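Here is the file structure-v2.cif (mmCIF, C-alpha atoms).
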```cif
data_target
#
loop_
_atom_site.group_PDB
_atom_site.id
_atom_site.type_symbol
_atom_site.label_atom_id
_atom_site.label_comp_id
_atom_site.auth_asym_id
_atom_site.auth_seq_id
_atom_site.Cartn_x
_atom_site.Cartn_y
_atom_site.Cartn_z
ATOM 1 C CA MET A 1 18.162 -37.811 40.144
ATOM 2 C CA LEU A 2 21.565 -36.208 39.610
ATOM 3 C CA ASN A 3 22.107 -32.517 40.295
ATOM 4 C CA LYS A 4 24.310 -32.071 37.239
ATOM 5 C CA ILE A 5 24.572 -34.004 33.961
ATOM 6 C CA LYS A 6 26.839 -33.538 30.949
ATOM 7 C CA LEU A 7 24.784 -33.835 27.804
ATOM 8 C CA GLU A 8 26.132 -34.352 24.280
ATOM 9 C CA ILE A 9 24.385 -31.914 21.944
ATOM 10 C CA SER A 10 24.502 -31.529 18.167
ATOM 11 C CA CYS A 11 24.228 -27.979 16.892
ATOM 12 C CA VAL A 12 21.235 -27.525 14.572
ATOM 13 C CA HIS A 13 23.219 -24.954 12.595
ATOM 14 C CA CYS A 14 26.636 -26.581 11.937
ATOM 15 C CA LEU A 15 25.826 -30.148 13.106
ATOM 16 C CA GLN A 16 28.995 -30.272 15.238
ATOM 17 C CA SER A 17 28.704 -31.793 18.721
ATOM 18 C CA SER A 18 29.865 -30.689 22.143
ATOM 19 C CA GLN A 19 28.772 -31.014 25.759
ATOM 20 C CA LYS A 20 26.554 -28.866 27.917
ATOM 21 C CA GLU A 21 26.017 -29.138 31.663
ATOM 22 C CA ILE A 22 22.348 -29.380 32.535
ATOM 23 C CA TYR A 23 20.876 -29.098 36.026
ATOM 24 C CA PRO A 24 17.810 -31.290 36.719
ATOM 25 C CA ILE A 25 17.995 -30.355 40.428
ATOM 26 C CA ILE A 26 19.270 -26.964 41.597
ATOM 27 C CA ASN A 27 20.066 -26.070 45.189
ATOM 28 C CA GLY A 28 19.552 -22.306 45.319
ATOM 29 C CA VAL A 29 22.048 -21.924 48.171
ATOM 30 C CA THR A 30 24.988 -23.978 46.888
ATOM 31 C CA ASP A 31 24.515 -24.285 43.106
ATOM 32 C CA ILE A 32 25.404 -20.668 42.400
ATOM 33 C CA LYS A 33 26.334 -21.147 38.744
ATOM 34 C CA ALA A 34 23.028 -22.856 37.979
ATOM 35 C CA LYS A 35 21.024 -20.272 39.918
ATOM 36 C CA ASN A 36 22.767 -17.435 38.065
ATOM 37 C CA SER A 37 21.805 -19.081 34.775
ATOM 38 C CA ILE A 38 18.167 -18.923 35.913
ATOM 39 C CA MET A 39 18.436 -15.253 36.818
ATOM 40 C CA ASP A 40 20.175 -14.510 33.508
ATOM 41 C CA GLU A 41 17.536 -16.635 31.724
ATOM 42 C CA GLU A 42 20.258 -18.799 30.146
ATOM 43 C CA LEU A 43 19.558 -22.116 31.893
ATOM 44 C CA PHE A 44 18.130 -23.711 28.758
ATOM 45 C CA LEU A 45 20.436 -22.058 26.219
ATOM 46 C CA TYR A 46 23.157 -24.042 24.473
ATOM 47 C CA TYR A 47 26.031 -22.116 22.891
ATOM 48 C CA CYS A 48 27.855 -23.945 20.104
ATOM 49 C CA PRO A 49 31.621 -23.450 20.514
ATOM 50 C CA HIS A 50 32.157 -24.322 16.836
ATOM 51 C CA CYS A 51 29.918 -21.769 15.092
ATOM 52 C CA GLY A 52 28.560 -19.573 17.911
ATOM 53 C CA HIS A 53 24.926 -20.534 17.307
ATOM 54 C CA TYR A 54 22.494 -20.443 20.264
ATOM 55 C CA GLN A 55 19.676 -22.935 20.625
ATOM 56 C CA LYS A 56 17.246 -23.945 23.354
ATOM 57 C CA ILE A 57 17.611 -27.228 25.240
ATOM 58 C CA LEU A 58 14.526 -27.786 27.375
ATOM 59 C CA TYR A 59 14.397 -30.298 30.219
ATOM 60 C CA GLU A 60 12.622 -30.943 33.513
ATOM 61 C CA CYS A 61 14.015 -28.955 36.388
ATOM 62 C CA VAL A 62 13.543 -28.618 40.156
ATOM 63 C CA TYR A 63 14.836 -25.581 42.031
ATOM 64 C CA TYR A 64 14.843 -25.638 45.833
ATOM 65 C CA ASP A 65 16.069 -23.381 48.600
ATOM 66 C CA PRO A 66 16.767 -25.291 51.844
ATOM 67 C CA GLU A 67 16.992 -22.061 53.841
ATOM 68 C CA LEU A 68 13.724 -20.519 52.655
ATOM 69 C CA LYS A 69 12.031 -23.950 52.451
ATOM 70 C CA TYR A 70 10.854 -23.292 48.929
ATOM 71 C CA VAL A 71 10.728 -25.502 45.835
ATOM 72 C CA LEU A 72 9.844 -24.760 42.207
ATOM 73 C CA VAL A 73 9.012 -27.540 39.765
ATOM 74 C CA LEU A 74 9.221 -27.048 36.002
ATOM 75 C CA SER A 75 7.813 -30.056 34.153
ATOM 76 C CA GLN A 76 5.005 -31.228 31.891
ATOM 77 C CA ASN A 77 4.067 -33.536 34.782
ATOM 78 C CA SER A 78 5.170 -31.781 37.968
ATOM 79 C CA GLN A 79 3.484 -34.244 40.343
ATOM 80 C CA LYS A 80 5.323 -37.161 38.763
ATOM 81 C CA LEU A 81 8.667 -35.343 38.884
ATOM 82 C CA LEU A 82 8.167 -34.511 42.574
ATOM 83 C CA LYS A 83 7.829 -38.211 43.323
ATOM 84 C CA LYS A 84 11.035 -39.015 41.419
ATOM 85 C CA ILE A 85 13.386 -36.593 43.180
ATOM 86 C CA GLU A 86 15.143 -37.715 46.343
ATOM 87 C CA LEU A 87 14.521 -34.660 48.490
ATOM 88 C CA ASP A 88 12.797 -34.358 51.830
ATOM 89 C CA LEU A 89 10.339 -31.549 51.125
ATOM 90 C CA THR A 90 8.627 -31.634 54.524
ATOM 91 C CA ASP A 91 7.483 -28.114 55.439
ATOM 92 C CA TYR A 92 8.478 -26.789 52.014
ATOM 93 C CA GLU A 93 6.261 -24.398 50.087
ATOM 94 C CA ILE A 94 5.818 -25.953 46.632
ATOM 95 C CA ARG A 95 5.047 -24.175 43.380
ATOM 96 C CA PHE A 96 4.658 -25.506 39.850
ATOM 97 C CA VAL A 97 5.926 -23.180 37.103
ATOM 98 C CA SER A 98 5.466 -23.277 33.331
ATOM 99 C CA ASP A 99 8.668 -21.656 32.072
ATOM 100 C CA LEU A 100 12.021 -20.173 33.051
ATOM 101 C CA LYS A 101 10.712 -16.623 33.245
ATOM 102 C CA GLU A 102 8.128 -17.661 35.831
ATOM 103 C CA MET A 103 10.746 -19.604 37.794
ATOM 104 C CA LYS A 104 12.979 -16.524 37.936
ATOM 105 C CA GLU A 105 10.070 -14.343 39.049
ATOM 106 C CA LYS A 106 9.070 -16.761 41.832
ATOM 107 C CA ILE A 107 12.649 -16.744 43.166
ATOM 108 C CA ILE A 108 12.699 -12.938 43.241
ATOM 109 C CA ILE A 109 9.328 -12.844 45.009
ATOM 110 C CA LYS A 110 10.360 -15.378 47.665
ATOM 111 C CA GLU A 111 13.754 -13.800 48.316
ATOM 112 C CA LYS A 112 12.070 -10.412 48.764
ATOM 113 C CA ASP A 113 9.778 -11.996 51.395
ATOM 114 C CA LEU A 114 6.658 -11.375 49.316
ATOM 115 C CA ASP A 115 3.610 -13.583 48.722
ATOM 116 C CA ASP A 116 3.358 -14.701 45.085
ATOM 117 C CA ARG A 117 -0.419 -15.020 45.442
ATOM 118 C CA ILE A 118 -0.708 -11.288 46.159
ATOM 119 C CA ILE A 119 1.731 -10.487 43.352
ATOM 120 C CA GLU A 120 -0.466 -12.406 40.880
ATOM 121 C CA ILE A 121 -3.527 -10.444 42.022
ATOM 122 C CA MET A 122 -1.629 -7.171 41.522
ATOM 123 C CA LYS A 123 -0.589 -8.351 38.047
ATOM 124 C CA HIS A 124 -4.206 -9.247 37.275
ATOM 125 C CA ASP A 125 -5.285 -5.671 37.928
ATOM 126 C CA ILE A 126 -2.505 -4.365 35.676
ATOM 127 C CA ARG A 127 -3.609 -6.716 32.889
ATOM 128 C CA THR A 128 -7.195 -5.462 33.101
ATOM 129 C CA SER A 129 -5.907 -1.936 32.382
ATOM 130 C CA LEU A 130 -4.194 -3.048 29.141
ATOM 131 C CA THR A 131 -5.937 -2.625 25.803
ATOM 132 C CA SER A 132 -3.366 -4.453 23.661
ATOM 133 C CA LYS A 133 -4.284 -7.942 22.444
ATOM 134 C CA ALA A 134 -0.651 -8.804 21.632
ATOM 135 C CA SER A 135 1.124 -11.709 23.314
ATOM 136 C CA TYR A 136 3.196 -10.555 26.258
ATOM 137 C CA TYR A 137 4.694 -11.466 29.610
ATOM 138 C CA LEU A 138 4.033 -9.459 32.756
ATOM 139 C CA VAL A 139 6.633 -10.242 35.402
ATOM 140 C CA LEU A 140 7.977 -8.767 38.601
ATOM 141 C CA GLU A 141 11.681 -8.028 38.156
ATOM 142 C CA ASN A 142 14.392 -6.760 40.457
ATOM 143 C CA ASN A 143 16.142 -4.192 38.299
ATOM 144 C CA ASN A 144 16.686 -0.815 39.946
ATOM 145 C CA GLY A 145 14.261 -1.828 42.657
ATOM 146 C CA LEU A 146 11.171 -3.985 42.158
ATOM 147 C CA GLU A 147 8.984 -3.212 39.163
ATOM 148 C CA PHE A 148 6.415 -4.939 37.002
ATOM 149 C CA VAL A 149 7.739 -5.265 33.457
ATOM 150 C CA LEU A 150 5.612 -5.891 30.385
ATOM 151 C CA LEU A 151 7.571 -7.846 27.768
ATOM 152 C CA TYR A 152 6.987 -9.168 24.295
ATOM 153 C CA PRO A 153 7.931 -12.889 23.927
ATOM 154 C CA ASP A 154 11.320 -11.795 22.520
ATOM 155 C CA ASN A 155 12.024 -9.951 25.823
ATOM 156 C CA GLU A 156 11.516 -6.481 24.341
ATOM 157 C CA VAL A 157 10.256 -4.179 27.106
ATOM 158 C CA ILE A 158 6.902 -2.621 26.252
ATOM 159 C CA LYS A 159 6.224 -0.815 29.505
ATOM 160 C CA THR A 160 7.096 -0.845 33.198
ATOM 161 C CA PHE A 161 4.769 -0.369 36.169
ATOM 162 C CA THR A 162 5.821 0.766 39.620
ATOM 163 C CA PHE A 163 5.670 -1.802 42.386
ATOM 164 C CA SER A 164 4.113 -0.160 45.434
ATOM 165 C CA LYS A 165 4.774 -1.804 48.797
ATOM 166 C CA GLU A 166 1.834 0.153 50.210
ATOM 167 C CA LYS A 167 -0.454 -1.238 47.504
ATOM 168 C CA TYR A 168 0.926 -4.718 48.181
ATOM 169 C CA GLN A 169 0.017 -4.445 51.885
ATOM 170 C CA GLU A 170 -3.416 -3.151 50.954
ATOM 171 C CA TYR A 171 -4.043 -6.160 48.686
ATOM 172 C CA LYS A 172 -2.700 -8.509 51.342
ATOM 173 C CA LYS A 173 -5.170 -7.198 53.902
ATOM 174 C CA GLN A 174 -8.024 -7.193 51.401
ATOM 175 C CA PHE A 175 -7.558 -10.771 50.136
ATOM 176 C CA HIS A 176 -6.090 -12.437 53.225
ATOM 177 C CA ASP A 177 -9.121 -14.607 54.013
ATOM 178 C CA LEU A 178 -9.573 -15.736 50.394
ATOM 179 C CA LEU A 179 -6.061 -17.087 49.773
ATOM 180 C CA ASN A 180 -5.682 -20.846 49.737
ATOM 181 C CA GLU A 181 -2.437 -22.825 49.511
ATOM 182 C CA THR A 182 -1.928 -24.346 46.084
ATOM 183 C CA TYR A 183 0.860 -25.573 43.820
ATOM 184 C CA ASN A 184 -0.349 -23.416 40.925
ATOM 185 C CA VAL A 185 -0.172 -19.681 41.547
ATOM 186 C CA ASP A 186 -0.614 -17.972 38.211
ATOM 187 C CA GLU A 187 -2.940 -15.735 36.211
ATOM 188 C CA MET A 188 -5.817 -18.229 36.509
ATOM 189 C CA PHE A 189 -5.335 -18.442 40.282
ATOM 190 C CA ALA A 190 -5.611 -14.643 40.593
ATOM 191 C CA ALA A 191 -8.731 -14.527 38.409
ATOM 192 C CA LYS A 192 -10.448 -17.146 40.599
ATOM 193 C CA VAL A 193 -9.589 -15.339 43.835
ATOM 194 C CA ILE A 194 -10.922 -12.044 42.490
ATOM 195 C CA TYR A 195 -14.055 -13.751 41.170
ATOM 196 C CA ASN A 196 -14.688 -15.361 44.582
ATOM 197 C CA LYS A 197 -14.211 -12.021 46.301
ATOM 198 C CA HIS A 198 -16.796 -10.393 44.042
ATOM 199 C CA LYS A 199 -19.210 -13.282 44.644
ATOM 200 C CA LEU A 200 -18.778 -12.886 48.397
ATOM 201 C CA PHE A 201 -19.256 -9.132 48.154
ATOM 202 C CA ASP A 202 -22.353 -9.420 45.945
ATOM 203 C CA TYR A 203 -23.866 -12.032 48.276
ATOM 204 C CA HIS A 204 -23.615 -9.709 51.242
#
```

Exercise: express the given structure as C-alpha cells:
Amino acid sequence: MLNKIKLEISCVHCLQSSQKEIYPIINGVTDIKAKNSIMDEELFLYYCPHCGHYQKILYECVYYDPELKYVLVLSQNSQKLLKKIELDLTDYEIRFVSDLKEMKEKIIIKEKDLDDRIIEIMKHDIRTSLTSKASYYLVLENNNGLEFVLLYPDNEVIKTFTFSKEKYQEYKKQFHDLLNETYNVDEMFAAKVIYNKHKLFDYH
C-alpha cells in the first residue's frame, strides 16, 4: 500500500473536480502533515477550490508510530487491512478504531504515556453519571491540559470533566489484574472489565 495517493474528487455541490491527497498509511513520526490533519480532525475532509464546499471522503487508514511501537487501524475490516499493509508490526501494540475522533484520542493517550484501557474505564464511570439520552462523544482531549470532553456529534461542547492523574493511578491499581490485551479497547471493553470485577467481588 502507498503512503500517499492523489485522488480525483467531484464536488457534490458544484460538480467540479480537483485532487485531494489521501493517506492510507501514516507514519506518526515523519508524516507530519497527515498527522496534523488527524489532530485537527480534517483527515477525511475535502475542500473544493472552486466553490469552497466541504465534504467527507472516507477511506481505510493505518496510523503507526515506529518510536512508540503503536499502530491504529481504521477500517470496516481491520484484520484484513492489517494483512495487506507491508509493515513489520512485531512488538507493536495494535488497536482498532471506529472513527477519526477515536484515532485522535488514542494518539493523545499513547503520547501522554497513559493506558487507553484505564481511560475507557474512567470514561465509563463518567457516562454512568450522565442522565441525558442524547447522542454524544466522550473523549480525552489535550486542550489546556488533559480533560474529558463531552461533545454532540457536531462537535459542540456540552460539558468538560477534569482528568485526575491521581484517579487514573487509583483505577490502574484497582483494575490491573483484570486488564487483558485486545485490539478493541472501547466502551464495550470497559463495561466487560467492570462487570468481571463485580462478579469477582460478589463471588468472594

Correct to one decimal, the distance atom CA of A:Glu67-atom CA of A:Val97 is 20.1 Å

What is the distance between atom CA of A:Glu60 and atom CA of A:Tyr23, in Å to one decimal?
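Interatomic distance, atom CA of A:Glu60 to atom CA of A:Tyr23: 8.8 Å.
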
Output the residue selection produced by the PyMOL selection byres ((chain A and resi 18) around 6) on the file above, formatted as a PyMOL selection string.
chain A and resi 8-9+17+19

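When atom CA of A:Leu178 is paired with atom CA of A:Lys80, their separation reads 28.6 Å.
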
Go through the shown structure with the PyMOL selection byres ((chain A and resi 37-42) around 8) and write out the matching residues as a PDB file with C-alpha atoms, in the frame of the given file.
```pdb
ATOM      1  CA  LYS A  33      26.334 -21.147  38.744  1.00  0.00           C
ATOM      2  CA  ALA A  34      23.028 -22.856  37.979  1.00  0.00           C
ATOM      3  CA  LYS A  35      21.024 -20.272  39.918  1.00  0.00           C
ATOM      4  CA  ASN A  36      22.767 -17.435  38.065  1.00  0.00           C
ATOM      5  CA  LEU A  43      19.558 -22.116  31.893  1.00  0.00           C
ATOM      6  CA  PHE A  44      18.130 -23.711  28.758  1.00  0.00           C
ATOM      7  CA  LEU A  45      20.436 -22.058  26.219  1.00  0.00           C
ATOM      8  CA  LEU A 100      12.021 -20.173  33.051  1.00  0.00           C
ATOM      9  CA  LYS A 101      10.712 -16.623  33.245  1.00  0.00           C
ATOM     10  CA  MET A 103      10.746 -19.604  37.794  1.00  0.00           C
ATOM     11  CA  LYS A 104      12.979 -16.524  37.936  1.00  0.00           C
TER      12      LYS A 104
END
```

Spell out the residues picked by the PyMOL selection byres ((chain A and resi 162) around 8) here, as JSON, numbers by chain.
{"A": [146, 147, 148, 160, 161, 163, 164]}

Using all atoms listed in the file, can you tell me which of A:Cys51, A:Asp31, A:Val185, A:Lys110 comes closest to A:His13?
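The shortest atom-to-atom distance to A:His13 comes from A:Cys51.
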
I'd like the neighbourhood of A:Glu170 as a PDB file with C-alpha atoms, keeping the file's coordinate frame, where a residue qualifies if any of its atoms comes within 12 Å (using all atoms listed in the file), though same-chain residues fewer than 4 positions away should be ignored.
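Writing the result to out07.pdb gives the following:
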```pdb
ATOM      1  CA  ILE A 118      -0.708 -11.288  46.159  1.00  0.00           C
ATOM      2  CA  ILE A 119       1.731 -10.487  43.352  1.00  0.00           C
ATOM      3  CA  ILE A 121      -3.527 -10.444  42.022  1.00  0.00           C
ATOM      4  CA  MET A 122      -1.629  -7.171  41.522  1.00  0.00           C
ATOM      5  CA  SER A 164       4.113  -0.160  45.434  1.00  0.00           C
ATOM      6  CA  LYS A 165       4.774  -1.804  48.797  1.00  0.00           C
ATOM      7  CA  GLU A 166       1.834   0.153  50.210  1.00  0.00           C
ATOM      8  CA  GLN A 174      -8.024  -7.193  51.401  1.00  0.00           C
ATOM      9  CA  PHE A 175      -7.558 -10.771  50.136  1.00  0.00           C
ATOM     10  CA  HIS A 176      -6.090 -12.437  53.225  1.00  0.00           C
TER      11      HIS A 176
END
```

Minimum-distance residue to A:Gln79, chosen among A:Tyr64, A:Tyr183, A:Tyr168, A:Tyr59 (using only C-alpha atoms):
A:Tyr183

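If you count all atoms listed in the file and ignore residues fewer than 5 places along the chain from A:Leu179, what sits within 10 Å of it is Arg117, Ile118, Lys172, Phe189, Ala190 and Val193 of chain A.
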
Could you name the residues that touch A:Glu105 at 8 Å or less, counting all atoms listed in the file, but leaving out those on the same chain fewer than 2 positions away, as a PDB file with C-alpha atoms, keeping the file's coordinate frame?
```pdb
ATOM      1  CA  LYS A 101      10.712 -16.623  33.245  1.00  0.00           C
ATOM      2  CA  GLU A 102       8.128 -17.661  35.831  1.00  0.00           C
ATOM      3  CA  MET A 103      10.746 -19.604  37.794  1.00  0.00           C
ATOM      4  CA  ILE A 107      12.649 -16.744  43.166  1.00  0.00           C
ATOM      5  CA  ILE A 108      12.699 -12.938  43.241  1.00  0.00           C
ATOM      6  CA  ILE A 109       9.328 -12.844  45.009  1.00  0.00           C
ATOM      7  CA  VAL A 139       6.633 -10.242  35.402  1.00  0.00           C
ATOM      8  CA  LEU A 140       7.977  -8.767  38.601  1.00  0.00           C
ATOM      9  CA  GLU A 141      11.681  -8.028  38.156  1.00  0.00           C
TER      10      GLU A 141
END
```

Which protein, DNA or RNA residues have an atom at most 9 Å from (10.7, -9.3, 28.7), counting all atoms listed in the file? List them as an MDAnalysis selection string.
chainID A and resid 101 136:139 149:158

Store the residues picked out above, limited to C-alpha atoms, as a compact mmCIF listing (two decimals), in the frame of the given file.
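part.txt written:
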```
# COMPACT_ATOMS: atom_id res chain seq x y z
CA LYS A 101 10.71 -16.62 33.24
CA TYR A 136 3.20 -10.56 26.26
CA TYR A 137 4.69 -11.47 29.61
CA LEU A 138 4.03 -9.46 32.76
CA VAL A 139 6.63 -10.24 35.40
CA VAL A 149 7.74 -5.26 33.46
CA LEU A 150 5.61 -5.89 30.38
CA LEU A 151 7.57 -7.85 27.77
CA TYR A 152 6.99 -9.17 24.30
CA PRO A 153 7.93 -12.89 23.93
CA ASP A 154 11.32 -11.80 22.52
CA ASN A 155 12.02 -9.95 25.82
CA GLU A 156 11.52 -6.48 24.34
CA VAL A 157 10.26 -4.18 27.11
CA ILE A 158 6.90 -2.62 26.25
```

Put a box with edges along x, y and z around all the listed atoms of stretch 135-145 of chain A, pad it by 5 Å on each side, then give me its centre and sizes in Å, one decimal, as AutoDock Vina command-line options.
```
--center_x 8.9 --center_y -6.3 --center_z 33.0 --size_x 25.6 --size_y 20.9 --size_z 29.3
```

Extract, using all atoms listed in the file, all DNA, RNA and protein residues at most 7 Å from A:Gln55, discarding same-chain residues fewer than 2 positions from it, and format them as a list in words.
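Neighbouring residues, sequence-local ones excluded: Leu45, Tyr46, Tyr47, His53 and Ile57 of chain A.
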
Contacts of A:Phe96 at 7 Å or less, counting all atoms listed in the file, minus same-chain residues fewer than 4 places along, as a PyMOL selection string?
chain A and resi 72-74+78+183-184

Those residues you just picked out, can you put them in a file as a PDB file, in the coordinates of the input with C-alpha atoms?
```pdb
ATOM      1  CA  LEU A  72       9.844 -24.760  42.207  1.00  0.00           C
ATOM      2  CA  VAL A  73       9.012 -27.540  39.765  1.00  0.00           C
ATOM      3  CA  LEU A  74       9.221 -27.048  36.002  1.00  0.00           C
ATOM      4  CA  SER A  78       5.170 -31.781  37.968  1.00  0.00           C
ATOM      5  CA  TYR A 183       0.860 -25.573  43.820  1.00  0.00           C
ATOM      6  CA  ASN A 184      -0.349 -23.416  40.925  1.00  0.00           C
TER       7      ASN A 184
END
```

When distances are computed from all atoms listed in the file, which of A:Leu68, A:Cys61, A:Asn3, A:Asn77 shows the smallest separation from A:Asp99?
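Looking at the shortest contact to A:Asp99, the residue is A:Cys61.
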